[in-house]
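Source file: target_13.txt. Holds: compact mmCIF, C-alpha atoms and all ligand atoms.
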# COMPACT_ATOMS: atom_id res chain seq x y z
CA MET A 1 -10.34 -13.67 -15.63
CA GLN A 2 -7.29 -14.41 -17.73
CA ARG A 3 -9.43 -15.62 -20.63
CA LEU A 4 -11.58 -12.48 -20.46
CA ALA A 5 -8.46 -10.30 -20.35
CA ARG A 6 -7.06 -12.06 -23.41
CA ASP A 7 -10.34 -11.47 -25.29
CA TRP A 8 -10.29 -7.79 -24.32
CA ARG A 9 -6.68 -7.48 -25.44
CA ARG A 10 -7.49 -9.11 -28.78
CA GLU A 11 -10.24 -6.50 -29.27
CA GLY A 12 -7.71 -3.74 -28.50
CA VAL A 13 -9.39 -2.79 -25.23
CA GLU A 14 -7.24 -0.94 -22.67
CA ILE A 15 -7.35 -2.72 -19.29
CA GLY A 16 -6.90 -0.76 -16.09
CA CYS A 17 -6.68 -2.44 -12.73
CA VAL A 18 -6.67 -1.54 -9.04
CA PRO A 19 -5.38 -4.32 -6.77
CA THR A 20 -6.82 -4.07 -3.25
CA MET A 21 -7.39 -6.09 -0.11
CA GLY A 22 -10.99 -4.89 -0.02
CA CYS A 23 -12.92 -3.05 2.67
CA LEU A 24 -12.95 -0.25 0.14
CA HIS A 25 -12.92 3.38 1.24
CA ALA A 26 -12.72 6.78 -0.46
CA GLY A 27 -8.97 6.32 -0.97
CA HIS A 28 -9.59 3.19 -3.07
CA LEU A 29 -12.37 4.96 -4.98
CA SER A 30 -9.89 7.69 -5.96
CA LEU A 31 -7.54 4.99 -7.31
CA ILE A 32 -10.44 3.51 -9.29
CA GLU A 33 -11.26 6.97 -10.66
CA ARG A 34 -7.64 7.45 -11.72
CA ALA A 35 -7.58 4.01 -13.42
CA ARG A 36 -10.75 4.90 -15.30
CA ARG A 37 -9.28 8.20 -16.52
CA GLU A 38 -6.07 6.50 -17.63
CA ALA A 39 -7.84 3.60 -19.39
CA GLY A 40 -9.96 6.05 -21.40
CA PRO A 41 -13.60 5.86 -22.52
CA GLY A 42 -13.31 2.46 -24.28
CA GLY A 43 -11.26 0.95 -21.45
CA ARG A 44 -12.23 -1.75 -18.97
CA LEU A 45 -11.71 -1.58 -15.22
CA VAL A 46 -10.85 -4.52 -12.98
CA VAL A 47 -10.67 -4.22 -9.19
CA SER A 48 -9.23 -7.16 -7.32
CA VAL A 49 -10.21 -7.84 -3.73
CA TYR A 50 -7.98 -10.39 -2.06
CA VAL A 51 -6.64 -10.44 1.48
CA ASN A 52 -3.30 -11.97 0.59
CA PRO A 53 -2.10 -14.33 3.36
CA THR A 54 1.55 -14.35 2.25
CA GLN A 55 2.07 -10.65 3.03
CA PHE A 56 1.05 -11.01 6.68
CA GLY A 57 3.52 -12.09 9.35
CA PRO A 58 2.62 -14.88 11.80
CA ARG A 59 1.72 -12.40 14.57
CA GLU A 60 -0.11 -9.95 12.30
CA ASP A 61 -3.79 -9.28 11.67
CA PHE A 62 -4.56 -11.62 8.73
CA SER A 63 -7.48 -13.35 10.44
CA THR A 64 -9.03 -10.13 11.77
CA TYR A 65 -8.35 -7.95 8.71
CA PRO A 66 -11.70 -6.26 7.88
CA ARG A 67 -13.60 -7.98 5.08
CA ASP A 68 -16.90 -6.91 3.50
CA LEU A 69 -17.18 -8.26 -0.02
CA LYS A 70 -20.88 -7.41 -0.38
CA ARG A 71 -20.25 -3.74 0.34
CA ASP A 72 -17.11 -3.77 -1.87
CA ALA A 73 -19.22 -5.20 -4.72
CA ARG A 74 -21.81 -2.45 -4.31
CA LEU A 75 -19.17 0.28 -4.27
CA CYS A 76 -17.51 -1.19 -7.36
CA ARG A 77 -20.84 -1.37 -9.16
CA GLU A 78 -21.58 2.28 -8.28
CA ALA A 79 -18.10 3.27 -9.46
CA GLY A 80 -18.69 1.59 -12.84
CA VAL A 81 -16.08 -1.13 -12.35
CA ASP A 82 -16.41 -3.82 -15.05
CA VAL A 83 -15.05 -6.78 -13.10
CA LEU A 84 -14.58 -7.38 -9.40
CA PHE A 85 -12.00 -10.17 -9.21
CA ALA A 86 -12.19 -11.82 -5.79
CA PRO A 87 -10.39 -15.16 -5.89
CA THR A 88 -10.15 -17.73 -3.09
CA ASP A 89 -6.92 -18.77 -1.35
CA GLU A 90 -6.99 -22.14 -3.11
CA GLN A 91 -7.26 -20.39 -6.50
CA MET A 92 -4.38 -18.03 -5.76
CA TYR A 93 -2.08 -20.47 -4.00
CA PRO A 94 -3.01 -23.88 -5.38
CA GLY A 95 -1.67 -26.66 -3.23
CA ALA A 96 -0.53 -24.31 -0.47
CA PHE A 97 -2.35 -26.30 2.17
CA GLU A 98 -0.37 -29.41 1.16
CA GLU A 99 2.77 -27.23 1.09
CA LYS A 100 2.95 -27.54 -2.68
CA TYR A 101 2.97 -23.82 -3.43
CA SER A 102 6.63 -22.83 -3.85
CA THR A 103 7.22 -19.91 -6.23
CA TYR A 104 7.80 -16.34 -5.02
CA VAL A 105 8.97 -13.05 -6.49
CA ILE A 106 11.53 -11.20 -4.36
CA GLU A 107 12.79 -7.63 -4.77
CA GLU A 108 16.12 -7.39 -2.98
CA GLU A 109 17.07 -3.75 -2.67
CA LEU A 110 14.19 -1.36 -1.99
CA SER A 111 12.56 -3.99 0.26
CA ARG A 112 15.31 -3.98 2.88
CA GLY A 113 14.53 -1.00 5.12
CA MET A 114 11.47 0.42 6.85
CA GLU A 115 8.45 -1.87 6.28
CA GLY A 116 10.80 -4.61 5.05
CA ALA A 117 12.88 -4.42 8.24
CA SER A 118 9.81 -4.43 10.51
CA ARG A 119 7.90 -7.04 8.52
CA PRO A 120 10.55 -9.39 7.06
CA THR A 121 8.33 -11.50 4.75
CA HIS A 122 5.84 -8.77 3.87
CA PHE A 123 7.19 -7.52 0.53
CA ARG A 124 7.86 -11.02 -0.77
CA GLY A 125 4.13 -11.61 -0.34
CA VAL A 126 3.24 -8.32 -2.00
CA THR A 127 5.49 -8.73 -5.06
CA THR A 128 4.37 -12.32 -5.50
CA ILE A 129 0.66 -11.56 -5.39
CA VAL A 130 0.98 -8.47 -7.60
CA ALA A 131 2.99 -10.46 -10.17
CA LYS A 132 0.28 -13.12 -10.10
CA LEU A 133 -2.46 -10.50 -10.48
CA PHE A 134 -0.61 -8.92 -13.42
CA ASN A 135 -0.39 -12.34 -15.10
CA ILE A 136 -4.07 -13.04 -14.51
CA ILE A 137 -5.63 -9.63 -15.20
CA GLN A 138 -3.10 -8.69 -17.89
CA PRO A 139 -3.63 -4.97 -17.31
CA HIS A 140 -2.11 -2.21 -19.41
CA LEU A 141 -2.04 -0.04 -16.31
CA ALA A 142 -2.34 -0.55 -12.57
CA VAL A 143 -2.90 2.09 -9.90
CA PHE A 144 -1.50 1.88 -6.37
CA GLY A 145 -1.83 4.30 -3.45
CA ALA A 146 1.02 6.55 -2.33
CA LYS A 147 0.12 5.78 1.29
CA ASP A 148 2.17 2.60 0.82
CA TYR A 149 5.08 4.54 -0.65
CA GLN A 150 7.72 1.83 -0.30
CA GLN A 151 5.32 -0.79 -1.70
CA ALA A 152 4.63 1.38 -4.76
CA ALA A 153 8.37 1.90 -5.37
CA ILE A 154 8.99 -1.86 -5.10
CA ILE A 155 6.14 -2.70 -7.48
CA GLU A 156 7.43 -0.13 -10.00
CA ARG A 157 10.89 -1.69 -9.74
CA MET A 158 9.51 -5.24 -10.06
CA ALA A 159 7.49 -4.35 -13.17
CA LYS A 160 10.56 -2.76 -14.73
CA ASN A 161 13.00 -5.51 -13.75
CA LEU A 162 10.70 -8.35 -14.86
CA ASN A 163 9.46 -6.57 -18.02
CA PHE A 164 5.79 -6.63 -17.11
CA PRO A 165 4.07 -4.66 -19.90
CA VAL A 166 2.15 -2.67 -17.27
CA ARG A 167 2.20 1.05 -16.55
CA VAL A 168 2.44 1.33 -12.76
CA LEU A 169 0.80 4.54 -11.54
CA VAL A 170 0.87 5.95 -8.02
CA ALA A 171 -2.05 8.09 -6.83
CA PRO A 172 -2.00 10.51 -3.88
CA THR A 173 -2.99 9.59 -0.33
CA LEU A 174 -6.48 10.65 0.71
CA ARG A 175 -6.86 11.96 4.25
CA GLU A 176 -9.63 12.41 6.76
CA GLU A 177 -10.38 16.00 7.78
CA ASP A 178 -7.89 15.86 10.67
CA GLY A 179 -5.11 14.51 8.44
CA LEU A 180 -5.30 10.78 9.24
CA ALA A 181 -4.41 8.85 6.07
CA MET A 182 -7.33 6.72 4.87
CA SER A 183 -6.77 3.02 5.49
CA SER A 184 -8.94 -0.05 5.94
CA ARG A 185 -7.15 -0.55 9.28
CA ASN A 186 -8.64 2.73 10.60
CA LYS A 187 -11.72 0.60 11.28
CA TYR A 188 -9.84 -0.87 14.26
CA LEU A 189 -9.51 2.57 15.92
CA GLU A 190 -12.15 3.00 18.56
CA GLY A 191 -12.72 5.84 21.04
CA GLU A 192 -9.62 7.76 22.08
CA LEU A 193 -7.39 5.66 19.77
CA ARG A 194 -8.95 7.38 16.76
CA GLY A 195 -7.88 10.76 18.16
CA GLU A 196 -4.37 9.53 18.97
CA ALA A 197 -3.93 8.19 15.42
CA VAL A 198 -3.56 11.76 14.14
CA VAL A 199 -0.08 11.70 15.69
CA LEU A 200 1.36 10.34 12.42
CA TRP A 201 0.15 13.33 10.43
CA ARG A 202 1.07 15.74 13.21
CA SER A 203 4.60 14.29 13.23
CA ILE A 204 4.88 14.82 9.48
CA GLU A 205 3.66 18.40 9.76
CA LYS A 206 6.01 19.17 12.64
CA VAL A 207 9.03 17.75 10.80
CA ARG A 208 8.02 19.55 7.62
CA ALA A 209 7.82 22.88 9.47
CA ALA A 210 11.24 22.26 11.07
CA VAL A 211 12.85 21.39 7.72
CA ARG A 212 11.25 24.33 5.93
CA SER A 213 12.25 26.87 8.54
CA ALA A 214 15.87 25.65 8.76
CA SER A 215 18.53 27.44 6.73
CA ARG A 216 20.41 24.18 6.07
CA PRO A 217 19.60 20.43 6.12
CA VAL A 218 18.67 19.17 9.59
CA PRO A 219 20.35 16.07 11.15
CA ALA A 220 17.95 13.11 10.85
CA GLY A 221 18.64 12.16 14.49
CA ARG A 222 17.24 15.46 15.71
CA LEU A 223 14.05 15.00 13.68
CA LYS A 224 13.69 11.40 14.85
CA THR A 225 13.87 12.55 18.48
CA MET A 226 11.20 15.14 17.74
CA VAL A 227 8.89 12.44 16.34
CA GLN A 228 9.68 10.00 19.17
CA ARG A 229 8.69 12.64 21.75
CA LEU A 230 5.48 13.51 19.96
CA VAL A 231 4.44 9.86 19.62
CA ARG A 232 5.35 9.16 23.24
CA SER A 233 3.06 12.00 24.34
CA GLN A 234 0.09 9.85 23.25
CA ALA A 235 -1.04 7.35 25.88
CA HIS A 236 -1.51 4.38 23.53
CA ALA A 237 0.97 5.14 20.74
CA ARG A 238 4.37 3.48 20.16
CA LEU A 239 6.78 4.41 17.39
CA ASP A 240 7.88 1.43 15.28
CA TYR A 241 10.18 3.47 13.01
CA VAL A 242 10.60 6.86 11.43
CA GLU A 243 12.94 7.21 8.46
CA PHE A 244 14.14 10.00 6.21
CA PHE A 245 15.19 8.99 2.73
CA GLU A 246 15.84 9.93 -0.85
CA PRO A 247 12.48 9.50 -2.63
CA GLU A 248 13.75 7.55 -5.68
CA SER A 249 16.37 5.20 -4.23
CA LEU A 250 14.80 5.07 -0.73
CA SER A 251 18.36 5.50 0.64
CA PRO A 252 18.35 6.78 4.23
CA LEU A 253 19.53 10.39 4.70
CA ALA A 254 21.73 11.58 7.57
CA LYS A 255 20.73 15.17 6.87
CA VAL A 256 17.25 16.14 5.83
CA GLY A 257 16.36 19.02 3.54
CA ARG A 258 13.43 19.96 1.35
CA GLY A 259 12.50 17.27 -1.17
CA ALA A 260 13.52 14.47 1.20
CA HIS A 261 10.84 11.95 2.13
CA ILE A 262 9.64 10.88 5.58
CA ALA A 263 7.92 7.57 6.36
CA LEU A 264 6.83 6.30 9.74
CA ALA A 265 4.98 3.42 11.36
CA VAL A 266 3.22 3.77 14.69
CA PHE A 267 1.29 1.31 16.79
CA VAL A 268 -1.85 2.97 18.16
CA GLY A 269 -3.12 0.40 20.64
CA GLU A 270 -2.78 -2.87 18.71
CA THR A 271 -3.21 -1.21 15.31
CA ARG A 272 -0.14 -0.56 13.21
CA LEU A 273 -0.51 2.54 11.03
CA ILE A 274 1.84 3.94 8.40
CA ASP A 275 2.15 7.29 6.67
CA ASN A 276 4.65 9.19 4.56
CA ALA A 277 5.13 12.51 2.78
CA ARG A 278 7.54 14.61 0.76
CA LEU A 279 9.04 17.32 2.97
O1 LIG B 301 -1.84 -2.31 -0.88
C1 LIG B 301 -2.56 -3.35 -0.79
O2 LIG B 301 -3.75 -3.32 -0.51
C2 LIG B 301 -1.89 -4.71 -1.01
O3 LIG B 301 -0.60 -4.73 -0.51
C3 LIG B 301 -1.92 -5.16 -2.49
C4 LIG B 301 -1.11 -4.24 -3.38
C5 LIG B 301 -3.35 -5.22 -2.98
C6 LIG B 301 -1.32 -6.57 -2.60
O4 LIG B 301 -2.02 -7.49 -1.84

Go through the file and emit its structure as structure tokens.
Amino acid sequence: MQRLARDWRREGVEIGCVPTMGCLHAGHLSLIERARREAGPGGRLVVSVYVNPTQFGPREDFSTYPRDLKRDARLCREAGVDVLFAPTDEQMYPGAFEEKYSTYVIEEELSRGMEGASRPTHFRGVTTIVAKLFNIIQPHLAVFGAKDYQQAAIIERMAKNLNFPVRVLVAPTLREEDGLAMSSRNKYLEGELRGEAVVLWRSIEKVRAAVRSASRPVPAGRLKTMVQRLVRSQAHARLDYVEFFEPESLSPLAKVGRGAHIALAVFVGETRLIDNARL
């Protein structure tokens, strides 16, 4: 992959990439479409599919995470992707099984709250794998989904701080008709759990309406209680966190007005879902 990327670069070809963990859905296809537009007509498109073990915690769903490389390959082919890069664990983390893999990339500020607080080693895994993918694929631009808002902010910061010559682009979240954000993990939601999963979007809409109708910023505590109650009204849902923050710095806000950002994580049954939006 790296050799191919170097050849492309020598020929002056613009390389766009979309890093994924596979099990591609319409949300991923919209990222691929955006990468294609940005890379231009002579550009090349690389999609990586790799379920990265280092971003999963010990009690998380690494082993059960949905995988379907055949289907991913077909979708990539239909979307006109030039290369599907799907490495093995041994290729990505050489020597890891003998505990010889030892280099990580750590972002220390934006990674602290929210997903970072709930999943302590998660972002270290994400920044490390994305740095490795940037070094291998050598893209001019990379597209990430806004559904993982904190992840996108951290990757932007990492690319800037470590001088990766990559334009990091963030594309909007795609939603199902009822508002549920598209995610490979939605596959886990069976029966009534699928219906209950809409509680994330309903929480966002309810908070948004409250903030928009208020004449001054609303205390975050009041909005958090509102979300807690709504989530609790679902038989199988449990709120992990809801946070209100400044969209650039990700600093938590005590009072929430228009332009603030909300992010939340909710367990629906065993499945942990996240969502976020500008208010
Ligand atoms: O968002 C994802 O699917 C993953 O976190 C990423 C960016 C592909 C890194 O493994």

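We find CA of Leu169 in chain A and CA of Ser249 in chain A to be spaced 17.2 Å apart.
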
*Find the residues near ligand LIG 301 (chain B). Use a cut-off of 7 Å, count only C-alpha atoms and all ligand atoms, and write them as number ranges by chain.*
A: 19-21, 50-52, 126, 129-130, 144, 148

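A cut-off of 10 Å from the point (13.1, 15.4, 3.2), with all atoms listed in the file, picks out the residues A:Val207, A:Arg208, A:Val211, A:Arg212, A:Pro217, A:Val218, A:Ala220, A:Glu243, A:Phe244, A:Phe245, A:Glu246, A:Pro247, A:Leu253, A:Lys255, A:Val256, A:Gly257, A:Arg258, A:Gly259, A:Ala260, A:His261, A:Ile262, A:Ala263, A:Ala277, A:Arg278, A:Leu279.
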
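With all atoms listed in the file as the atoms that count, the residue of A:Ala5, A:Ala159, A:Leu31, A:Ala209 with the shortest distance to Pro172 in chain A is A:Leu31.
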
*asked:* What does the structure give for the distance between CA of Ala235 in chain A and CA of Pro120 in chain A, in Å to one decimal?
replied: 27.7 Å

*asked:* So that I can see what lies close to Gln2 in chain A, please list as a VMD selection string the residues with an atom at most 12 Å from it, counting all atoms listed in the file and leaving out residues fewer than 2 positions away in the same chain.
replied: chain A and resid 4 to 9 15 46 83 85 132 to 139

*Rank A:Arg124, A:Lys187, A:Arg175, A:Lys147 by their smallest atom-to-atom distance to Gly57 in chain A, using only C-alpha atoms, and report the top residue only.*
A:Arg124

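Within 12 Å of the file-frame point (-8.7, -1.2, -28.5), and using all atoms listed in the file, the polymer residues found are A:Asp7, A:Trp8, A:Arg9, A:Arg10, A:Glu11, A:Gly12, A:Val13, A:Glu14, A:Ile15, A:Ala39, A:Gly40, A:Pro41, A:Gly42, A:Gly43, A:Arg44, A:His140.
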
*Considering only C-alpha atoms, state which residue in the set A:Ser30, A:Ser203, A:Ser251, A:Ser233 is at the smallest distance from Leu264 in chain A.*
A:Ser203

*Taking all atoms listed in the file into account, which of A:Arg77, A:Arg112, A:Asn161, A:Ala171 comes nearest Ala35 in chain A?*
A:Ala171

Range 96-108 of chain A surroundings by all atoms listed in the file, 10 Å radius, close-in-sequence under 6 positions cut, as a PDB file with C-alpha atoms, in the frame of the given file:
ATOM      1  CA  THR A  54       1.550 -14.350   2.250  1.00  0.00           C
ATOM      2  CA  ASP A  89      -6.920 -18.770  -1.350  1.00  0.00           C
ATOM      3  CA  GLU A  90      -6.990 -22.140  -3.110  1.00  0.00           C
ATOM      4  CA  THR A 121       8.330 -11.500   4.750  1.00  0.00           C
ATOM      5  CA  PHE A 123       7.190  -7.520   0.530  1.00  0.00           C
ATOM      6  CA  ARG A 124       7.860 -11.020  -0.770  1.00  0.00           C
ATOM      7  CA  GLY A 125       4.130 -11.610  -0.340  1.00  0.00           C
ATOM      8  CA  VAL A 126       3.240  -8.320  -2.000  1.00  0.00           C
ATOM      9  CA  THR A 127       5.490  -8.730  -5.060  1.00  0.00           C
ATOM     10  CA  THR A 128       4.370 -12.320  -5.500  1.00  0.00           C
ATOM     11  CA  ILE A 129       0.660 -11.560  -5.390  1.00  0.00           C
ATOM     12  CA  VAL A 130       0.980  -8.470  -7.600  1.00  0.00           C
ATOM     13  CA  ALA A 131       2.990 -10.460 -10.170  1.00  0.00           C
ATOM     14  CA  LYS A 132       0.280 -13.120 -10.100  1.00  0.00           C
ATOM     15  CA  ILE A 154       8.990  -1.860  -5.100  1.00  0.00           C
ATOM     16  CA  ILE A 155       6.140  -2.700  -7.480  1.00  0.00           C
ATOM     17  CA  ARG A 157      10.890  -1.690  -9.740  1.00  0.00           C
ATOM     18  CA  MET A 158       9.510  -5.240 -10.060  1.00  0.00           C
ATOM     19  CA  ASN A 161      13.000  -5.510 -13.750  1.00  0.00           C
ATOM     20  CA  LEU A 162      10.700  -8.350 -14.860  1.00  0.00           C
TER      21      LEU A 162
END

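Picture a line from CA of Val227 in chain A to CA of Ala210 in chain A; it runs 11.4 Å.
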
Where atoms are missing, can you supply N, CA, C and O atoms for range 4-21 of chain A and output the lot as a PDB file, in the frame of the given file?
ATOM      1  N   LEU A   4     -10.876 -13.734 -20.161  1.00  0.00           N
ATOM      2  CA  LEU A   4     -11.580 -12.480 -20.460  1.00  0.00           C
ATOM      3  C   LEU A   4     -10.569 -11.392 -20.845  1.00  0.00           C
ATOM      4  O   LEU A   4     -10.756 -10.654 -21.817  1.00  0.00           O
ATOM      5  N   ALA A   5      -9.483 -11.315 -20.079  1.00  0.00           N
ATOM      6  CA  ALA A   5      -8.460 -10.300 -20.350  1.00  0.00           C
ATOM      7  C   ALA A   5      -7.857 -10.502 -21.735  1.00  0.00           C
ATOM      8  O   ALA A   5      -7.625  -9.549 -22.477  1.00  0.00           O
ATOM      9  N   ARG A   6      -7.636 -11.777 -22.084  1.00  0.00           N
ATOM     10  CA  ARG A   6      -7.060 -12.060 -23.410  1.00  0.00           C
ATOM     11  C   ARG A   6      -8.011 -11.624 -24.520  1.00  0.00           C
ATOM     12  O   ARG A   6      -7.608 -11.066 -25.525  1.00  0.00           O
ATOM     13  N   ASP A   7      -9.332 -11.886 -24.298  1.00  0.00           N
ATOM     14  CA  ASP A   7     -10.340 -11.470 -25.290  1.00  0.00           C
ATOM     15  C   ASP A   7     -10.320  -9.951 -25.432  1.00  0.00           C
ATOM     16  O   ASP A   7     -10.327  -9.415 -26.539  1.00  0.00           O
ATOM     17  N   TRP A   8     -10.313  -9.265 -24.285  1.00  0.00           N
ATOM     18  CA  TRP A   8     -10.290  -7.790 -24.320  1.00  0.00           C
ATOM     19  C   TRP A   8      -9.072  -7.302 -25.084  1.00  0.00           C
ATOM     20  O   TRP A   8      -9.144  -6.399 -25.905  1.00  0.00           O
ATOM     21  N   ARG A   9      -7.920  -7.910 -24.793  1.00  0.00           N
ATOM     22  CA  ARG A   9      -6.680  -7.480 -25.440  1.00  0.00           C
ATOM     23  C   ARG A   9      -6.761  -7.690 -26.953  1.00  0.00           C
ATOM     24  O   ARG A   9      -6.319  -6.851 -27.729  1.00  0.00           O
ATOM     25  N   ARG A  10      -7.361  -8.817 -27.350  1.00  0.00           N
ATOM     26  CA  ARG A  10      -7.490  -9.110 -28.780  1.00  0.00           C
ATOM     27  C   ARG A  10      -8.355  -8.047 -29.462  1.00  0.00           C
ATOM     28  O   ARG A  10      -8.116  -7.665 -30.600  1.00  0.00           O
ATOM     29  N   GLU A  11      -9.358  -7.547 -28.716  1.00  0.00           N
ATOM     30  CA  GLU A  11     -10.240  -6.500 -29.270  1.00  0.00           C
ATOM     31  C   GLU A  11      -9.601  -5.113 -29.173  1.00  0.00           C
ATOM     32  O   GLU A  11     -10.224  -4.115 -29.536  1.00  0.00           O
ATOM     33  N   GLY A  12      -8.388  -5.031 -28.616  1.00  0.00           N
ATOM     34  CA  GLY A  12      -7.710  -3.740 -28.500  1.00  0.00           C
ATOM     35  C   GLY A  12      -8.206  -2.882 -27.356  1.00  0.00           C
ATOM     36  O   GLY A  12      -8.000  -1.667 -27.339  1.00  0.00           O
ATOM     37  N   VAL A  13      -8.855  -3.526 -26.377  1.00  0.00           N
ATOM     38  CA  VAL A  13      -9.390  -2.790 -25.230  1.00  0.00           C
ATOM     39  C   VAL A  13      -8.267  -2.525 -24.212  1.00  0.00           C
ATOM     40  O   VAL A  13      -7.482  -3.427 -23.901  1.00  0.00           O
ATOM     41  N   GLU A  14      -8.222  -1.298 -23.704  1.00  0.00           N
ATOM     42  CA  GLU A  14      -7.240  -0.940 -22.670  1.00  0.00           C
ATOM     43  C   GLU A  14      -7.750  -1.425 -21.308  1.00  0.00           C
ATOM     44  O   GLU A  14      -8.890  -1.135 -20.927  1.00  0.00           O
ATOM     45  N   ILE A  15      -6.922  -2.172 -20.584  1.00  0.00           N
ATOM     46  CA  ILE A  15      -7.350  -2.720 -19.290  1.00  0.00           C
ATOM     47  C   ILE A  15      -6.634  -1.989 -18.153  1.00  0.00           C
ATOM     48  O   ILE A  15      -5.402  -1.951 -18.091  1.00  0.00           O
ATOM     49  N   GLY A  16      -7.455  -1.407 -17.276  1.00  0.00           N
ATOM     50  CA  GLY A  16      -6.900  -0.760 -16.090  1.00  0.00           C
ATOM     51  C   GLY A  16      -7.244  -1.597 -14.873  1.00  0.00           C
ATOM     52  O   GLY A  16      -8.314  -2.195 -14.815  1.00  0.00           O
ATOM     53  N   CYS A  17      -6.325  -1.679 -13.914  1.00  0.00           N
ATOM     54  CA  CYS A  17      -6.680  -2.440 -12.730  1.00  0.00           C
ATOM     55  C   CYS A  17      -6.236  -1.758 -11.435  1.00  0.00           C
ATOM     56  O   CYS A  17      -5.297  -0.960 -11.425  1.00  0.00           O
ATOM     57  N   VAL A  18      -6.992  -2.046 -10.379  1.00  0.00           N
ATOM     58  CA  VAL A  18      -6.670  -1.540  -9.040  1.00  0.00           C
ATOM     59  C   VAL A  18      -6.655  -2.749  -8.097  1.00  0.00           C
ATOM     60  O   VAL A  18      -7.709  -3.255  -7.717  1.00  0.00           O
ATOM     61  N   PRO A  19      -5.454  -3.220  -7.732  1.00  0.00           N
ATOM     62  CA  PRO A  19      -5.380  -4.320  -6.770  1.00  0.00           C
ATOM     63  C   PRO A  19      -5.640  -3.804  -5.358  1.00  0.00           C
ATOM     64  O   PRO A  19      -5.071  -2.790  -4.954  1.00  0.00           O
ATOM     65  N   THR A  20      -6.507  -4.494  -4.623  1.00  0.00           N
ATOM     66  CA  THR A  20      -6.820  -4.070  -3.250  1.00  0.00           C
ATOM     67  C   THR A  20      -6.974  -5.294  -2.351  1.00  0.00           C
ATOM     68  O   THR A  20      -7.073  -6.421  -2.836  1.00  0.00           O
ATOM     69  N   MET A  21      -7.041  -5.022  -1.057  1.00  0.00           N
ATOM     70  CA  MET A  21      -7.390  -6.090  -0.110  1.00  0.00           C
ATOM     71  C   MET A  21      -8.816  -5.866   0.394  1.00  0.00           C
ATOM     72  O   MET A  21      -9.210  -6.406   1.441  1.00  0.00           O
TER      73      MET A  21
END
